[in-house]
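The next block holds one structure in the form of structure tokens; read it before the comments.
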Amino acid sequence: MSQYTEIVENGLWKQNPGVVQLLGLCPTLAVTTSVVNGVSLGLATALVMAASNGAVSPVRKLVPAEIRVPVFILVIAALVTVIDLAIHGFAEPLHKVLGIFIPLIVVNCIVLARVESFAAKNPPAPAILDGFMMGLGLTFVLGVLGGMRELIGKGTLFSGLDLAFGPSFKPYVLTVISDYHGFLLAILPPGAFLGLACLIAFRNWAGTRAPKATQAGGPLKPAH
Amino acid sequence: MPETIIKHATKTALTLIAFALVFTALLVYIFQITKVPIEKSEAAARLALFRQIVPASMHDNDILKDTLTIAPNDLLGNTQPSIANRARINNAPAAVILEAIAHDGYSGDIKLLIAIKYDGEISGVRVLTHKETPGLGDYIDIAKGDWIKLFDAESLTKTSDGKLAEDKWKVKKDGGQFDYMAGATITPRAVVKAVHKALKYFEANKDALFV
């Protein structure tokens, strides 16, 4: 099972989409104004990535090389629409939070990148795991970045949790710094760039310190 | 060899068509089975929004179905026809919910939902969509603050503090009666102006709205 361990390790750390591959920056930068937003989009992306990898992998030998990209995009767009419709129809409260983000996933190139570079060359089981783990790696980065921006920008953590899961979750919204007037820069787009830069710097620093991580690929040399 | 090229191209095209057909069929199927649940949950969400500004005690009709299409009007700030929902009790007019757009927000249009009782008093106002600065101008949104509730029970004629009715429909900075947050005056100014204009529209078209 070492292949699976490697897939998990790649998704979460070595080839983390958010801070190593630097793919899918559009949603990373746009929606991470709070933990709840970041994690919500991250989980939706993980779901789409697992589904699209799982859909492409079984038919990978039927797709001629010349038209593989259009076919992959077709599959991803269809699956995103299916998930969007399903959430809208059967989980309305979740759709309120995720609704505007789900169509964004179609244009997230990390999805196409994993289909193209992994699912098109591997059997379904590892492909699904790869999609999901890459998605979780992205979720982790989005959550941390969202937390940083929310804490510095508004002085709270997990705000919006009550809107996502009902009023009973209101007590979990933490006001870390009370009577805080906010630091608007962190919420505005520049804050996303600065925060992400700090995270990438931390990832590279941690990667160079741990000699094990430098063996496969190395933290400074993204695979794509 | 041209023949093999044609053969190859045909095969490639057919594969793409096959994929397009399969996934289009999948989309059609999913669209069909989610259509009714989506309509239901959208209606429920819309009713929940209406409930915030028109309480159940204010009507006994189906507020979602009792609609009127209103032609575009400068006072409502729209260029497209909009839908007004009407609340009635025993068929007598009780309130109307209007959509209005403020064009002079800090960034982009602010879409408002304004419920006005038949006597001209505001039942409630909610912001539908806006692009105001997060953390600064977005306190007009009920999710971020209670500011929008300042409009509750206001009207064109009521003069609680003795001022002329026309004068009080401004933010405090401009000599009116509406509070605002320092540093973000443009946003509440736009909202106050839009609500004021919507009230004027209601006053002028009151009876036509309940036909």
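Note on naming: chains are A, B, ... as they come in the structure tokens, residues start from 1 per chain, ligands start from 1 in the order shown.
For chain A, the residues within 8 Å of chain B are Leu62, Val63, Pro64, Glu66, Ile67, Val71, Leu74, Val75, Ala78, Thr81, Val82, Leu85, Ala86, His88, Gly89, Phe90, Glu92, Lys154, Gly182, Leu184, Ile187 and Leu188 of chain A, with only C-alpha atoms used to measure distance.
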Those same residues, written as a PDB file, in the first residue's frame with N, CA and C atoms?
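Now in part-v6.pdb:
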```pdb
ATOM      1  N   LEU A  62     -10.075   4.920 -23.754  1.00  0.00           N
ATOM      2  CA  LEU A  62     -10.983   5.171 -24.880  1.00  0.00           C
ATOM      3  C   LEU A  62     -10.782   6.565 -25.467  1.00  0.00           C
ATOM      4  N   VAL A  63     -10.073   7.431 -24.723  1.00  0.00           N
ATOM      5  CA  VAL A  63      -9.972   8.820 -25.166  1.00  0.00           C
ATOM      6  C   VAL A  63      -8.690   9.013 -25.979  1.00  0.00           C
ATOM      7  N   PRO A  64      -8.828   9.348 -27.282  1.00  0.00           N
ATOM      8  CA  PRO A  64      -7.633   9.617 -28.074  1.00  0.00           C
ATOM      9  C   PRO A  64      -6.868  10.820 -27.526  1.00  0.00           C
ATOM     10  N   GLU A  66      -5.445  13.326 -28.834  1.00  0.00           N
ATOM     11  CA  GLU A  66      -5.677  14.667 -29.401  1.00  0.00           C
ATOM     12  C   GLU A  66      -6.845  15.391 -28.745  1.00  0.00           C
ATOM     13  N   ILE A  67      -7.867  14.624 -28.341  1.00  0.00           N
ATOM     14  CA  ILE A  67      -9.056  15.311 -27.826  1.00  0.00           C
ATOM     15  C   ILE A  67      -9.193  15.106 -26.318  1.00  0.00           C
ATOM     16  N   VAL A  71     -12.376  16.500 -23.778  1.00  0.00           N
ATOM     17  CA  VAL A  71     -13.190  15.486 -23.094  1.00  0.00           C
ATOM     18  C   VAL A  71     -13.115  15.684 -21.586  1.00  0.00           C
ATOM     19  N   LEU A  74     -15.159  18.604 -20.559  1.00  0.00           N
ATOM     20  CA  LEU A  74     -16.574  18.232 -20.652  1.00  0.00           C
ATOM     21  C   LEU A  74     -17.004  17.456 -19.408  1.00  0.00           C
ATOM     22  N   VAL A  75     -16.174  16.460 -19.031  1.00  0.00           N
ATOM     23  CA  VAL A  75     -16.497  15.631 -17.865  1.00  0.00           C
ATOM     24  C   VAL A  75     -16.539  16.494 -16.599  1.00  0.00           C
ATOM     25  N   ALA A  78     -19.561  18.877 -16.557  1.00  0.00           N
ATOM     26  CA  ALA A  78     -20.811  18.152 -16.319  1.00  0.00           C
ATOM     27  C   ALA A  78     -20.923  17.748 -14.853  1.00  0.00           C
ATOM     28  N   THR A  81     -21.723  20.660 -12.606  1.00  0.00           N
ATOM     29  CA  THR A  81     -23.131  21.025 -12.721  1.00  0.00           C
ATOM     30  C   THR A  81     -24.013  20.028 -11.970  1.00  0.00           C
ATOM     31  N   VAL A  82     -23.691  18.747 -12.091  1.00  0.00           N
ATOM     32  CA  VAL A  82     -24.469  17.730 -11.384  1.00  0.00           C
ATOM     33  C   VAL A  82     -24.405  17.969  -9.869  1.00  0.00           C
ATOM     34  N   LEU A  85     -26.423  21.106  -8.949  1.00  0.00           N
ATOM     35  CA  LEU A  85     -27.870  20.856  -8.952  1.00  0.00           C
ATOM     36  C   LEU A  85     -28.283  20.000  -7.761  1.00  0.00           C
ATOM     37  N   ALA A  86     -27.476  18.974  -7.463  1.00  0.00           N
ATOM     38  CA  ALA A  86     -27.832  18.071  -6.375  1.00  0.00           C
ATOM     39  C   ALA A  86     -27.829  18.808  -5.032  1.00  0.00           C
ATOM     40  N   HIS A  88     -28.176  22.014  -4.592  1.00  0.00           N
ATOM     41  CA  HIS A  88     -29.260  22.990  -4.610  1.00  0.00           C
ATOM     42  C   HIS A  88     -30.606  22.344  -4.283  1.00  0.00           C
ATOM     43  N   GLY A  89     -30.802  21.155  -4.859  1.00  0.00           N
ATOM     44  CA  GLY A  89     -32.094  20.493  -4.692  1.00  0.00           C
ATOM     45  C   GLY A  89     -32.258  19.830  -3.342  1.00  0.00           C
ATOM     46  N   PHE A  90     -31.189  19.222  -2.827  1.00  0.00           N
ATOM     47  CA  PHE A  90     -31.357  18.368  -1.649  1.00  0.00           C
ATOM     48  C   PHE A  90     -30.682  18.903  -0.385  1.00  0.00           C
ATOM     49  N   GLU A  92     -30.394  22.629   0.631  1.00  0.00           N
ATOM     50  CA  GLU A  92     -30.518  24.070   0.417  1.00  0.00           C
ATOM     51  C   GLU A  92     -29.638  24.917   1.350  1.00  0.00           C
ATOM     52  N   LYS A 154     -10.826  40.746  10.929  1.00  0.00           N
ATOM     53  CA  LYS A 154     -12.044  41.006  11.690  1.00  0.00           C
ATOM     54  C   LYS A 154     -11.928  40.648  13.160  1.00  0.00           C
ATOM     55  N   GLY A 182     -10.806  45.995  13.270  1.00  0.00           N
ATOM     56  CA  GLY A 182     -10.586  45.373  11.974  1.00  0.00           C
ATOM     57  C   GLY A 182      -9.415  45.977  11.231  1.00  0.00           C
ATOM     58  N   LEU A 184      -8.643  46.206   7.503  1.00  0.00           N
ATOM     59  CA  LEU A 184      -9.324  45.950   6.241  1.00  0.00           C
ATOM     60  C   LEU A 184      -8.425  45.296   5.204  1.00  0.00           C
ATOM     61  N   ILE A 187      -8.720  41.595   4.651  1.00  0.00           N
ATOM     62  CA  ILE A 187      -9.933  41.091   4.012  1.00  0.00           C
ATOM     63  C   ILE A 187      -9.913  41.373   2.504  1.00  0.00           C
ATOM     64  N   LEU A 188      -9.335  42.498   2.118  1.00  0.00           N
ATOM     65  CA  LEU A 188      -9.307  42.879   0.707  1.00  0.00           C
ATOM     66  C   LEU A 188      -8.311  41.987  -0.060  1.00  0.00           C
TER      67      LEU A 188
END
```
Grab the CA of Leu142 (chain A) to CA of Gly38 (chain A) distance for me, in Å with one decimal place.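 CA of Gly38 (chain A) lies 4.7 Å from CA of Leu142 (chain A).
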Here CA of Tyr172 (chain A) and CA of Thr32 (chain A) stand apart by 18.9 Å
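For Ala198 (chain B), the non-local neighbours within 8 Å, defined as residues at least 5 positions apart in the same chain or in other chains and counting only C-alpha atoms, are Leu75, Leu76, Leu98, Ala100 and Ile114 of chain B.
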My list of candidates is B:Leu199, B:Ala194, B:Ile101, B:Leu14. Which is closest to Pro72 (chain B) when distances are computed with only C-alpha atoms?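 Checking each candidate against Pro72 (chain B), we get B:Ile101 as the closest.
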Need the shell around Ala204 (chain B): protein/DNA/RNA residues with any atom at most 12 Å away, counting only C-alpha atoms. Skip same-chain ones fewer than 4 positions apart. Format as a PyMOL selection string? chain B and resi 73+75+120+156+197-200+208-209
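Picture a line from CA of Pro70 (chain A) to CA of Ile128 (chain A); it runs 20.3 Å.
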Among chain A, which ones does DSSP assign to helix (DSSP H, G or I) (computed from the backbone)? Answer as an MDAnalysis selection string. chainID A and resid 2:14 25:31 35:59 65:90 92:98 102:107 109:119 124:154 161:165 167:172 184:187 189:209 211:215
Could you pull out all residues of region 22-212 of chain A with a DSSP call of strand (DSSP E or B) and give them as a PDB file with N, CA and C atoms, in the first residue's frame?
```
ATOM      1  N   THR A 156     -12.167  37.656  14.378  1.00  0.00           N
ATOM      2  CA  THR A 156     -13.028  36.520  14.729  1.00  0.00           C
ATOM      3  C   THR A 156     -12.505  35.253  14.064  1.00  0.00           C
ATOM      4  N   LEU A 157     -13.071  34.128  14.452  1.00  0.00           N
ATOM      5  CA  LEU A 157     -12.808  32.870  13.758  1.00  0.00           C
ATOM      6  C   LEU A 157     -14.135  32.134  13.581  1.00  0.00           C
ATOM      7  N   LEU A 174     -16.059  32.305  17.238  1.00  0.00           N
ATOM      8  CA  LEU A 174     -15.169  32.849  18.259  1.00  0.00           C
ATOM      9  C   LEU A 174     -14.840  34.308  17.963  1.00  0.00           C
ATOM     10  N   THR A 175     -15.011  35.153  18.971  1.00  0.00           N
ATOM     11  CA  THR A 175     -14.489  36.508  18.859  1.00  0.00           C
ATOM     12  C   THR A 175     -13.172  36.515  19.612  1.00  0.00           C
TER      13      THR A 175
END
```
Can you pull out every residue within 9 Å of Lys121 (chain A), counting only C-alpha atoms, but drop anything in the same chain fewer than 5 positions away, and send it as JSON, numbers by chain? {"A": [57, 60, 61, 115, 116, 127]}
Could you save those same residues with N, CA and C atoms as a CSV table (one decimal), in the first residue's frame?
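Output contents, as saved in again.csv:
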```
chain,number,residue,atom,x,y,z
A,57,SER,N,-10.7,8.2,-15.1
A,57,SER,CA,-9.8,7.0,-15.0
A,57,SER,C,-10.3,5.7,-15.7
A,60,ARG,N,-10.0,6.1,-19.5
A,60,ARG,CA,-8.8,6.8,-20.0
A,60,ARG,C,-8.3,6.2,-21.3
A,61,LYS,N,-8.5,4.9,-21.5
A,61,LYS,CA,-8.0,4.2,-22.7
A,61,LYS,C,-8.9,4.5,-24.0
A,115,VAL,N,-6.6,15.5,-13.4
A,115,VAL,CA,-7.2,14.6,-14.3
A,115,VAL,C,-6.2,14.2,-15.4
A,116,GLU,N,-5.5,15.3,-15.9
A,116,GLU,CA,-4.6,15.1,-17.0
A,116,GLU,C,-3.3,14.4,-16.5
A,127,ALA,N,-6.7,6.9,-8.5
A,127,ALA,CA,-7.1,8.2,-9.1
A,127,ALA,C,-8.1,8.9,-8.2
```
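Between Leu128 (chain B) and the candidates B:Ala153, B:Asn90, B:Arg46, B:His196, the tightest atom-to-atom separation, counting only C-alpha atoms, involves B:Arg46.
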List the neighbours of Ile76 (chain A) out to 6 Å using only C-alpha atoms; skip same-chain residues closer than 3 positions along the sequence, and give me the result as a PyMOL selection string. chain A and resi 52+73+79
With only C-alpha atoms as the basis for distance, which of A:Glu150, A:Asp84, A:Asp130, A:Glu6 is at the shortest distance from Lys96 (chain A)?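 Ranked by minimum distance to Lys96 (chain A), first place goes to A:Asp84.
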Determine, counting only C-alpha atoms, which protein, DNA and RNA residues have an atom within 12 Å of an atom of region 139-141 of chain A; residues of the same chain fewer than 4 positions away are not included. Present the result as a count of residues only. 48
Quick one: of B:Ile140, B:Ala184, B:His130, B:Phe50, who's nearest to Ile97 (chain B), counting only C-alpha atoms?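 Smallest distance to Ile97 (chain B) is found for B:Phe50.
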